[in-house]
>>> print(open('model.txt').read())   # compact mmCIF, C-alpha atoms
# COMPACT_ATOMS: atom_id res chain seq x y z
CA MET A 1 0.00 0.00 0.00
CA MET A 2 2.79 2.45 0.90
CA ASN A 3 4.49 1.77 -2.43
CA ALA A 4 1.22 2.54 -4.24
CA ILE A 5 0.98 5.85 -2.39
CA VAL A 6 4.57 6.81 -3.25
CA GLN A 7 4.09 5.92 -6.92
CA GLY A 8 0.79 7.82 -6.93
CA VAL A 9 2.43 10.97 -5.59
CA LEU A 10 5.14 10.80 -8.26
CA LEU A 11 2.59 10.19 -11.01
CA GLY A 12 0.73 13.21 -9.67
CA GLY A 13 3.73 15.30 -10.64
CA TYR A 14 3.19 14.38 -14.28
CA TYR A 15 -0.53 15.14 -14.06
CA ALA A 16 0.25 18.51 -12.45
CA LEU A 17 2.74 19.27 -15.19
CA ILE A 18 0.30 18.55 -17.99
CA ALA A 19 -2.52 20.36 -16.16
CA SER A 20 -0.51 23.52 -15.44
CA GLY A 21 -0.94 25.01 -18.92
CA LEU A 22 -4.64 24.19 -19.04
CA SER A 23 -5.22 25.77 -15.64
CA PHE A 24 -3.07 28.79 -16.49
CA MET A 25 -4.98 29.55 -19.70
CA PHE A 26 -8.30 29.22 -17.91
CA SER A 27 -7.21 31.53 -15.11
CA VAL A 28 -6.10 34.23 -17.56
CA MET A 29 -8.60 34.03 -20.43
CA ARG A 30 -11.36 31.77 -19.07
CA ILE A 31 -10.75 29.46 -22.05
CA ILE A 32 -10.69 25.66 -21.81
CA ASN A 33 -8.21 24.62 -24.47
CA LEU A 34 -9.52 21.31 -25.84
CA ALA A 35 -6.43 21.02 -28.06
CA HIS A 36 -4.24 20.89 -24.96
CA GLY A 37 -3.53 17.14 -25.10
CA SER A 38 -3.06 17.10 -28.86
CA LEU A 39 -0.52 19.93 -28.67
CA ALA A 40 1.40 18.00 -26.00
CA VAL A 41 1.55 15.01 -28.35
CA PHE A 42 2.63 17.36 -31.15
CA ALA A 43 5.55 18.52 -28.98
CA ALA A 44 6.46 14.88 -28.29
CA TYR A 45 6.59 14.19 -32.04
CA LEU A 46 8.81 17.24 -32.60
CA LEU A 47 11.25 15.86 -30.03
CA PHE A 48 11.02 12.44 -31.68
CA ILE A 49 11.93 13.90 -35.08
CA LEU A 50 14.94 15.70 -33.61
CA ALA A 51 16.11 12.56 -31.81
CA ASP A 52 15.40 10.03 -34.55
CA SER A 53 16.47 12.02 -37.57
CA TYR A 54 19.20 14.28 -36.19
CA GLY A 55 20.46 12.44 -33.11
CA ILE A 56 19.58 15.31 -30.77
CA SER A 57 18.89 14.25 -27.17
CA PRO A 58 15.29 14.99 -26.11
CA PHE A 59 16.64 17.19 -23.30
CA LEU A 60 18.66 19.27 -25.74
CA GLY A 61 15.74 19.15 -28.16
CA LEU A 62 13.69 21.09 -25.62
CA LEU A 63 15.89 24.12 -26.37
CA ILE A 64 14.44 24.04 -29.88
CA VAL A 65 10.92 22.77 -29.21
CA LEU A 66 9.97 25.05 -26.32
CA PRO A 67 10.60 28.31 -28.24
CA LEU A 68 8.62 26.83 -31.14
CA MET A 69 5.75 26.01 -28.76
CA ALA A 70 5.88 29.56 -27.42
CA LEU A 71 5.60 30.95 -30.95
CA LEU A 72 2.74 28.55 -31.62
CA GLY A 73 0.98 29.77 -28.49
CA TRP A 74 1.40 33.40 -29.51
CA ALA A 75 0.00 32.65 -32.98
CA LEU A 76 -2.83 30.56 -31.54
CA GLN A 77 -3.98 33.46 -29.40
CA ARG A 78 -3.55 36.16 -32.03
CA PHE A 79 -5.09 34.39 -35.02
CA VAL A 80 -7.55 31.90 -33.49
CA LEU A 81 -8.58 32.47 -29.88
CA GLU A 82 -8.71 36.27 -30.00
CA ARG A 83 -10.92 36.26 -33.09
CA ALA A 84 -13.06 33.41 -31.78
CA ALA A 85 -13.62 35.19 -28.46
CA ARG A 86 -15.37 38.04 -30.24
CA ALA A 87 -18.18 35.64 -31.19
CA GLY A 88 -18.92 34.55 -27.63
CA LEU A 89 -17.61 32.32 -24.85
CA LEU A 90 -18.45 29.04 -26.58
CA VAL A 91 -16.69 29.71 -29.89
CA PRO A 92 -13.09 29.57 -28.54
CA ILE A 93 -13.85 26.15 -27.03
CA LEU A 94 -15.23 24.94 -30.37
CA ALA A 95 -12.19 26.41 -32.13
CA THR A 96 -9.77 24.48 -29.92
CA PHE A 97 -11.87 21.33 -30.40
CA GLY A 98 -11.50 21.75 -34.16
CA LEU A 99 -7.78 22.44 -33.74
CA ALA A 100 -7.39 19.18 -31.81
CA ILE A 101 -9.03 17.23 -34.63
CA VAL A 102 -6.77 18.88 -37.21
CA VAL A 103 -3.59 18.23 -35.18
CA ASP A 104 -4.52 14.59 -34.48
CA ASN A 105 -5.25 13.82 -38.10
CA LEU A 106 -2.19 15.63 -39.44
CA LEU A 107 -0.02 13.61 -37.06
CA PHE A 108 -1.76 10.41 -38.16
CA GLU A 109 -1.24 11.27 -41.82
CA GLN A 110 2.45 12.00 -41.26
CA PHE A 111 3.42 9.27 -38.79
CA GLY A 112 0.74 6.58 -39.10
CA ALA A 113 -0.80 4.68 -36.21
CA ASP A 114 2.45 3.21 -34.85
CA THR A 115 3.33 4.08 -31.28
CA ARG A 116 6.54 5.95 -30.55
CA SER A 117 8.61 6.60 -27.43
CA LEU A 118 11.45 8.91 -26.49
CA ALA A 119 12.72 6.55 -23.79
CA PRO A 120 15.33 4.84 -26.03
CA TYR A 121 17.05 8.19 -26.51
CA ILE A 122 17.82 8.84 -22.82
CA GLY A 123 19.50 5.54 -21.97
CA ASP A 124 19.26 4.10 -18.47
CA LEU A 125 17.36 7.09 -17.07
CA SER A 126 14.15 5.74 -18.58
CA PHE A 127 14.15 2.65 -16.35
CA ASN A 128 16.67 3.18 -13.52
CA SER A 129 15.29 3.52 -10.02
CA TRP A 130 16.38 4.18 -6.45
CA GLN A 131 15.64 1.54 -3.82
CA ILE A 132 14.22 3.32 -0.78
CA THR A 133 13.21 0.26 1.27
CA ASP A 134 12.80 -3.42 0.55
CA ASP A 135 9.27 -2.72 -0.66
CA ILE A 136 9.59 0.76 -2.17
CA SER A 137 11.60 1.88 -5.18
CA VAL A 138 11.16 5.10 -7.12
CA GLY A 139 11.93 5.65 -10.77
CA GLN A 140 14.58 8.26 -11.42
CA PHE A 141 12.64 9.79 -14.29
CA ALA A 142 9.44 9.85 -12.20
CA VAL A 143 11.28 11.86 -9.55
CA LEU A 144 12.72 14.15 -12.24
CA THR A 145 9.20 14.74 -13.61
CA PHE A 146 7.86 15.57 -10.16
CA VAL A 147 10.71 18.03 -9.55
CA ALA A 148 10.08 19.59 -12.98
CA ALA A 149 6.38 19.99 -12.15
CA VAL A 150 7.17 21.74 -8.86
CA ALA A 151 9.72 23.96 -10.61
CA VAL A 152 7.24 24.94 -13.35
CA LEU A 153 4.48 25.69 -10.85
CA THR A 154 6.89 27.68 -8.67
CA LEU A 155 8.01 29.71 -11.67
CA LEU A 156 4.40 30.39 -12.69
CA GLN A 157 3.62 31.52 -9.13
CA VAL A 158 6.66 33.81 -9.06
CA ILE A 159 5.71 35.32 -12.42
CA LEU A 160 2.12 35.92 -11.33
CA SER A 161 2.98 37.28 -7.87
CA PHE A 162 6.20 39.27 -8.20
CA THR A 163 6.64 40.52 -11.76
CA PRO A 164 5.07 43.38 -13.75
CA LEU A 165 4.00 40.81 -16.36
CA GLY A 166 2.26 38.79 -13.66
CA ARG A 167 0.41 41.85 -12.40
CA ALA A 168 -0.64 42.63 -15.97
CA ILE A 169 -1.82 39.05 -16.47
CA ARG A 170 -3.86 39.11 -13.26
CA ALA A 171 -5.36 42.49 -14.10
CA THR A 172 -6.24 41.36 -17.62
CA SER A 173 -7.91 38.22 -16.29
CA GLU A 174 -10.12 40.36 -14.05
CA ASP A 175 -11.20 42.88 -16.69
CA ALA A 176 -9.59 42.81 -20.13
CA ASP A 177 -11.52 45.87 -21.27
CA THR A 178 -10.66 48.18 -18.38
CA VAL A 179 -6.93 47.47 -18.15
CA GLY A 180 -6.38 49.51 -21.30
CA LEU A 181 -7.14 52.62 -19.22
CA VAL A 182 -3.96 52.04 -17.22
CA GLY A 183 -1.78 51.36 -20.24
CA ILE A 184 -1.94 47.56 -20.39
CA ASP A 185 -2.27 46.01 -23.83
CA ALA A 186 -4.67 43.13 -23.16
CA ARG A 187 -4.05 41.57 -26.60
CA LYS A 188 -0.30 41.42 -25.96
CA VAL A 189 -0.73 40.10 -22.42
CA ASN A 190 -3.07 37.32 -23.55
CA ALA A 191 -0.68 36.35 -26.35
CA ILE A 192 2.24 36.15 -23.90
CA ALA A 193 0.15 34.16 -21.42
CA THR A 194 -0.80 31.66 -24.12
CA ALA A 195 2.86 31.39 -25.15
CA ILE A 196 3.78 30.60 -21.54
CA ALA A 197 1.00 28.00 -21.37
CA LEU A 198 2.23 26.32 -24.56
CA VAL A 199 5.77 26.14 -23.13
CA THR A 200 4.38 24.09 -20.24
CA VAL A 201 2.52 21.98 -22.81
CA GLY A 202 5.84 21.32 -24.55
CA LEU A 203 7.37 20.16 -21.27
CA ALA A 204 4.37 17.91 -20.64
CA GLY A 205 4.73 16.44 -24.12
CA ALA A 206 8.38 15.66 -23.38
CA ALA A 207 7.41 13.99 -20.12
CA LEU A 208 4.74 11.95 -21.93
CA GLY A 209 7.15 10.77 -24.60
CA LEU A 210 9.90 9.92 -22.11
CA ARG A 211 7.76 8.03 -19.61
CA ALA A 212 5.42 6.16 -21.96
CA THR A 213 4.50 5.54 -25.58
CA PHE A 214 2.41 7.92 -27.65
CA ASP A 215 0.55 7.89 -30.95
CA PRO A 216 -1.30 10.55 -32.98
CA TYR A 217 -4.48 10.09 -30.95
CA ALA A 218 -2.88 10.02 -27.50
CA GLY A 219 -3.94 13.60 -26.82
CA GLU A 220 -7.48 12.82 -25.71
CA PRO A 221 -6.59 10.86 -22.53
CA GLN A 222 -3.92 13.45 -21.66
CA LEU A 223 -6.54 16.19 -21.95
CA LEU A 224 -8.85 14.19 -19.67
CA PHE A 225 -6.14 13.76 -17.02
CA ALA A 226 -5.21 17.44 -17.24
CA PHE A 227 -8.84 18.54 -16.99
CA GLU A 228 -9.57 16.31 -14.00
CA ALA A 229 -6.41 17.42 -12.16
CA ALA A 230 -7.20 21.10 -12.83
CA VAL A 231 -10.80 20.77 -11.66
CA ILE A 232 -9.89 18.80 -8.54
CA GLY A 233 -7.30 21.40 -7.56
CA GLY A 234 -9.43 24.36 -8.59
CA ALA A 235 -8.93 25.65 -12.11
CA GLY A 236 -6.68 28.70 -12.00
CA SER A 237 -4.98 27.75 -8.73
CA VAL A 238 -1.25 27.14 -9.26
CA TRP A 239 -0.57 24.99 -6.22
CA GLY A 240 -4.08 23.58 -6.38
CA THR A 241 -3.02 22.07 -9.70
CA LEU A 242 -0.28 20.10 -7.94
CA ALA A 243 -2.68 18.97 -5.21
CA GLY A 244 -5.24 18.01 -7.85
CA GLY A 245 -2.68 16.01 -9.84
CA ILE A 246 -1.55 14.12 -6.75
CA ALA A 247 -5.14 13.45 -5.64
CA LEU A 248 -6.04 12.12 -9.10
CA ALA A 249 -2.96 9.88 -9.25
CA LEU A 250 -3.49 8.58 -5.71
CA GLY A 251 -7.06 7.66 -6.63
CA GLN A 252 -5.74 5.74 -9.63
CA ALA A 253 -2.95 4.03 -7.69
CA LEU A 254 -5.22 2.96 -4.83
CA GLY A 255 -7.90 1.90 -7.31
CA ALA A 256 -5.36 -0.35 -9.02
CA GLU A 257 -4.59 -1.93 -5.64
CA ILE A 258 -8.24 -2.91 -5.27
CA ALA A 259 -8.71 -4.27 -8.79
CA PRO A 260 -6.62 -4.27 -12.00
CA GLN A 261 -9.37 -2.34 -13.77
CA GLY A 262 -9.54 0.19 -10.93
CA PHE A 263 -6.70 2.41 -12.14
CA LEU A 264 -8.79 4.79 -14.24
CA ILE A 265 -11.98 4.24 -12.25
CA GLY A 266 -10.27 5.30 -9.01
CA GLY A 267 -9.21 8.62 -10.55
CA HIS A 268 -12.66 9.25 -11.96
CA VAL A 269 -14.20 8.56 -8.54
CA VAL A 270 -11.95 11.16 -6.91
CA PHE A 271 -12.88 13.65 -9.63
CA LEU A 272 -16.61 13.04 -9.19
CA VAL A 273 -16.42 13.22 -5.38
CA VAL A 274 -14.67 16.61 -5.52
CA LEU A 275 -17.03 17.82 -8.24
CA PHE A 276 -20.13 16.95 -6.24
CA ALA A 277 -18.56 18.41 -3.09
CA ARG A 278 -18.24 21.70 -4.95
CA LEU A 279 -21.97 21.67 -5.62
CA PHE A 280 -22.52 21.94 -1.88
CA ALA A 281 -19.58 24.28 -1.26
CA PRO A 282 -19.27 26.50 -4.36
CA GLY A 283 -15.91 28.14 -4.89
CA SER A 284 -14.02 25.78 -2.59
CA THR A 285 -10.77 24.25 -3.79
CA PHE A 286 -9.35 20.82 -3.06
CA PRO A 287 -6.55 22.20 -0.84
CA ALA A 288 -9.11 24.23 1.13
CA MET A 289 -11.37 21.19 1.59
CA LEU A 290 -8.34 19.14 2.67
CA ARG A 291 -7.31 21.76 5.23
CA ARG A 292 -10.85 21.85 6.65
CA ALA A 293 -10.96 18.05 6.83
CA VAL A 294 -7.61 17.92 8.67
CA GLY A 295 -8.65 20.75 10.97
CA ARG A 296 -11.73 18.87 12.11
CA ARG A 297 -9.69 15.91 13.36
>>> encode(input="model.txt", output="structure tokens")
Amino acid sequence: MMNAIVQGVLLGGYYALIASGLSFMFSVMRIINLAHGSLAVFAAYLLFILADSYGISPFLGLLIVLPLMALLGWALQRFVLERAARAGLLVPILATFGLAIVVDNLLFEQFGADTRSLAPYIGDLSFNSWQITDDISVGQFAVLTFVAAVAVLTLLQVILSFTPLGRAIRATSEDADTVGLVGIDARKVNAIATAIALVTVGLAGAALGLRATFDPYAGEPQLLFAFEAAVIGGAGSVWGTLAGGIALALGQALGAEIAPQGFLIGGHVVFLVVLFARLFAPGSTFPAMLRRAVGRR
């Protein structure tokens, strides 16, 4: 049981990493990016091309892929989301849904249905582990992913809390129309925020490709995991995203201990429990509910 908990916490780091961009975009522009998972897979394929065709390590490949993802995020906001938002709140969601379909099918046309993995390009790191006790061992890459998730979330929090850009992002998220009166260009801020979100998507795509296999249609389950983690933690909450990812992964790990088919079901149960709890306590976040539960004991 303890090993399942440890593995669940580490898996939660990956879920927090992939959910961070989704939560960040929602907090800034109130947009749920349904192409989130597909764009993560797209980043994984870019790293695969660099590694397979040019012999570039996936870690070094991030120096190329992450700036490209940032440019893609800027273009996505300027030429798709910004124009779609003028037609109402639902249209940007439909636009990202259409974008996901286009990305998935383009990847399928280019690479076929075969699964790929980046693990062969990082050597022993993909399977080496540290033995903690006789019953508990932790994968080195799983720990690296968890540390990366904490680092990304910390950086996002620092940007939002202590930088002029963060203040502009928070002001724009509150009232994009009024911030122009104090000299803030809401269009530019939203484009930068989307670029930042797509950088985190690129990191999540790298983590996906390095820890597992992926195919052109692998984006849908990644979107589901990201959405559930973000909702559990409270969409828009930076550290809530980490708590939500860990809670989702713990539900899956403990569900797998009960029954082999319980891996996904356990995570869905946690998601539904938190969702229904919110119906009776609107506005509460998972960390807040956890603090109240601990405080009552």
>>> residues_around(input="model.txt", residues="Leu264 (chain A)", least_positions_apart="4", cutoff="9 Å", atoms="all atoms listed in the file", output="PyMOL selection string")
chain A and resi 251-253+255-256+268-269
>>> residues_near_point(input="model.txt", point="(-3.5, 46.8, -21.0)", cutoff="12 Å", atoms="only C-alpha atoms", output="PyMOL selection string")
chain A and resi 164-165+167-190
>>> residues_around(input="model.txt", residues="Ile196 (chain A)", least_positions_apart="2", cutoff="8 Å", atoms="all atoms listed in the file", output="list in words")
Gly21, Ala70, Gly73, Ile192, Ala193, Thr194, Leu198, Val199 and Thr200 of chain A
>>> closest_residue(input="model.txt", among="A:Gly88, A:Gly245, A:Gly112, A:Gly12", to="Arg30 (chain A)", atoms="only C-alpha atoms")
A:Gly88
>>> closest_residue(input="model.txt", among="A:Ala229, A:Leu155, A:Val238, A:Ala243", to="Gly267 (chain A)", atoms="all atoms listed in the file")
A:Ala229
>>> atom_distance(input="model.txt", atom1="CA of Leu94 (chain A)", atom2="CA of Ala191 (chain A)")
18.9 Å
>>> closest_residue(input="model.txt", among="A:Val9, A:Ala195, A:Ile159, A:Leu107", to="Gly244 (chain A)", atoms="only C-alpha atoms")
A:Val9
>>> closest_residue(input="model.txt", among="A:Arg278, A:Phe26, A:Leu203, A:Gly37", to="Asp104 (chain A)", atoms="only C-alpha atoms")
A:Gly37
>>> closest_residue(input="model.txt", among="A:Val270, A:Ala51, A:Val147, A:Leu34", to="Thr96 (chain A)", atoms="all atoms listed in the file")
A:Leu34
>>> residues_around(input="model.txt", residues="Thr133 (chain A)", least_positions_apart="3", cutoff="12 Å", atoms="all atoms listed in the file", output="list in words")
Met2, Asn3, Val6, Ser129, Trp130, Ile136, Ser137 and Val138 of chain A
>>> residues_around(input="model.txt", residues="Asn105 (chain A)", least_positions_apart="4", cutoff="8 Å", atoms="only C-alpha atoms", output="VMD selection string")
chain A and resid 101 109 216
>>> atom_distance(input="model.txt", atom1="CA of Gly234 (chain A)", atom2="CA of Leu68 (chain A)")
29.0 Å
>>> closest_residue(input="model.txt", among="A:Phe127, A:Phe227, A:Phe141, A:Trp74", to="Leu208 (chain A)", atoms="all atoms listed in the file")
A:Phe141
>>> atom_distance(input="model.txt", atom1="CA of Asp215 (chain A)", atom2="CA of Ala100 (chain A)")
13.8 Å
>>> build_atoms(input="model.txt", residues="region 11-37 of chain A", atoms="N, CA and C atoms", output="tab-separated table (two decimals), keeping the file's coordinate frame")
chain	number	residue	atom	x	y	z
A	11	LEU	N	3.41	10.06	-9.80
A	11	LEU	CA	2.59	10.19	-11.01
A	11	LEU	C	1.81	11.50	-10.99
A	12	GLY	N	1.42	11.93	-9.79
A	12	GLY	CA	0.73	13.21	-9.67
A	12	GLY	C	1.55	14.37	-10.17
A	13	GLY	N	2.88	14.25	-10.09
A	13	GLY	CA	3.73	15.30	-10.64
A	13	GLY	C	3.55	15.45	-12.14
A	14	TYR	N	3.43	14.31	-12.83
A	14	TYR	CA	3.19	14.38	-14.28
A	14	TYR	C	1.83	15.00	-14.57
A	15	TYR	N	0.80	14.58	-13.83
A	15	TYR	CA	-0.53	15.14	-14.06
A	15	TYR	C	-0.55	16.65	-13.77
A	16	ALA	N	0.17	17.07	-12.74
A	16	ALA	CA	0.25	18.51	-12.45
A	16	ALA	C	0.96	19.26	-13.55
A	17	LEU	N	2.00	18.63	-14.11
A	17	LEU	CA	2.74	19.27	-15.19
A	17	LEU	C	1.87	19.46	-16.42
A	18	ILE	N	1.12	18.43	-16.78
A	18	ILE	CA	0.30	18.55	-17.99
A	18	ILE	C	-0.93	19.42	-17.74
A	19	ALA	N	-1.35	19.54	-16.47
A	19	ALA	CA	-2.52	20.36	-16.16
A	19	ALA	C	-2.17	21.83	-15.98
A	20	SER	N	-0.89	22.13	-15.77
A	20	SER	CA	-0.51	23.52	-15.44
A	20	SER	C	-0.87	24.49	-16.56
A	21	GLY	N	-0.62	24.12	-17.81
A	21	GLY	CA	-0.94	25.01	-18.92
A	21	GLY	C	-2.43	25.20	-19.10
A	22	LEU	N	-3.19	24.11	-18.92
A	22	LEU	CA	-4.64	24.19	-19.04
A	22	LEU	C	-5.21	25.11	-17.98
A	23	SER	N	-4.75	24.94	-16.75
A	23	SER	CA	-5.22	25.77	-15.64
A	23	SER	C	-4.80	27.22	-15.82
A	24	PHE	N	-3.59	27.43	-16.31
A	24	PHE	CA	-3.07	28.79	-16.49
A	24	PHE	C	-3.89	29.54	-17.54
A	25	MET	N	-4.18	28.89	-18.65
A	25	MET	CA	-4.98	29.55	-19.70
A	25	MET	C	-6.38	29.87	-19.21
A	26	PHE	N	-6.96	28.95	-18.43
A	26	PHE	CA	-8.30	29.22	-17.91
A	26	PHE	C	-8.29	30.39	-16.94
A	27	SER	N	-7.26	30.46	-16.10
A	27	SER	CA	-7.21	31.53	-15.11
A	27	SER	C	-7.04	32.89	-15.76
A	28	VAL	N	-6.37	32.94	-16.91
A	28	VAL	CA	-6.10	34.23	-17.56
A	28	VAL	C	-7.22	34.63	-18.50
A	29	MET	N	-7.65	33.69	-19.37
A	29	MET	CA	-8.60	34.03	-20.43
A	29	MET	C	-9.95	33.33	-20.32
A	30	ARG	N	-10.11	32.53	-19.27
A	30	ARG	CA	-11.36	31.77	-19.07
A	30	ARG	C	-11.67	30.90	-20.29
A	31	ILE	N	-10.61	30.33	-20.87
A	31	ILE	CA	-10.75	29.46	-22.05
A	31	ILE	C	-10.28	28.05	-21.67
A	32	ILE	N	-11.09	27.06	-21.97
A	32	ILE	CA	-10.69	25.66	-21.81
A	32	ILE	C	-10.15	25.20	-23.16
A	33	ASN	N	-8.86	24.97	-23.22
A	33	ASN	CA	-8.21	24.62	-24.47
A	33	ASN	C	-8.35	23.12	-24.72
A	34	LEU	N	-9.28	22.72	-25.57
A	34	LEU	CA	-9.52	21.31	-25.84
A	34	LEU	C	-8.44	20.70	-26.75
A	35	ALA	N	-7.56	21.53	-27.27
A	35	ALA	CA	-6.43	21.02	-28.06
A	35	ALA	C	-5.20	20.80	-27.18
A	36	HIS	N	-5.35	20.96	-25.89
A	36	HIS	CA	-4.24	20.89	-24.96
A	36	HIS	C	-3.47	19.56	-25.08
A	37	GLY	N	-4.18	18.45	-25.01
A	37	GLY	CA	-3.53	17.14	-25.10
A	37	GLY	C	-2.91	16.90	-26.46
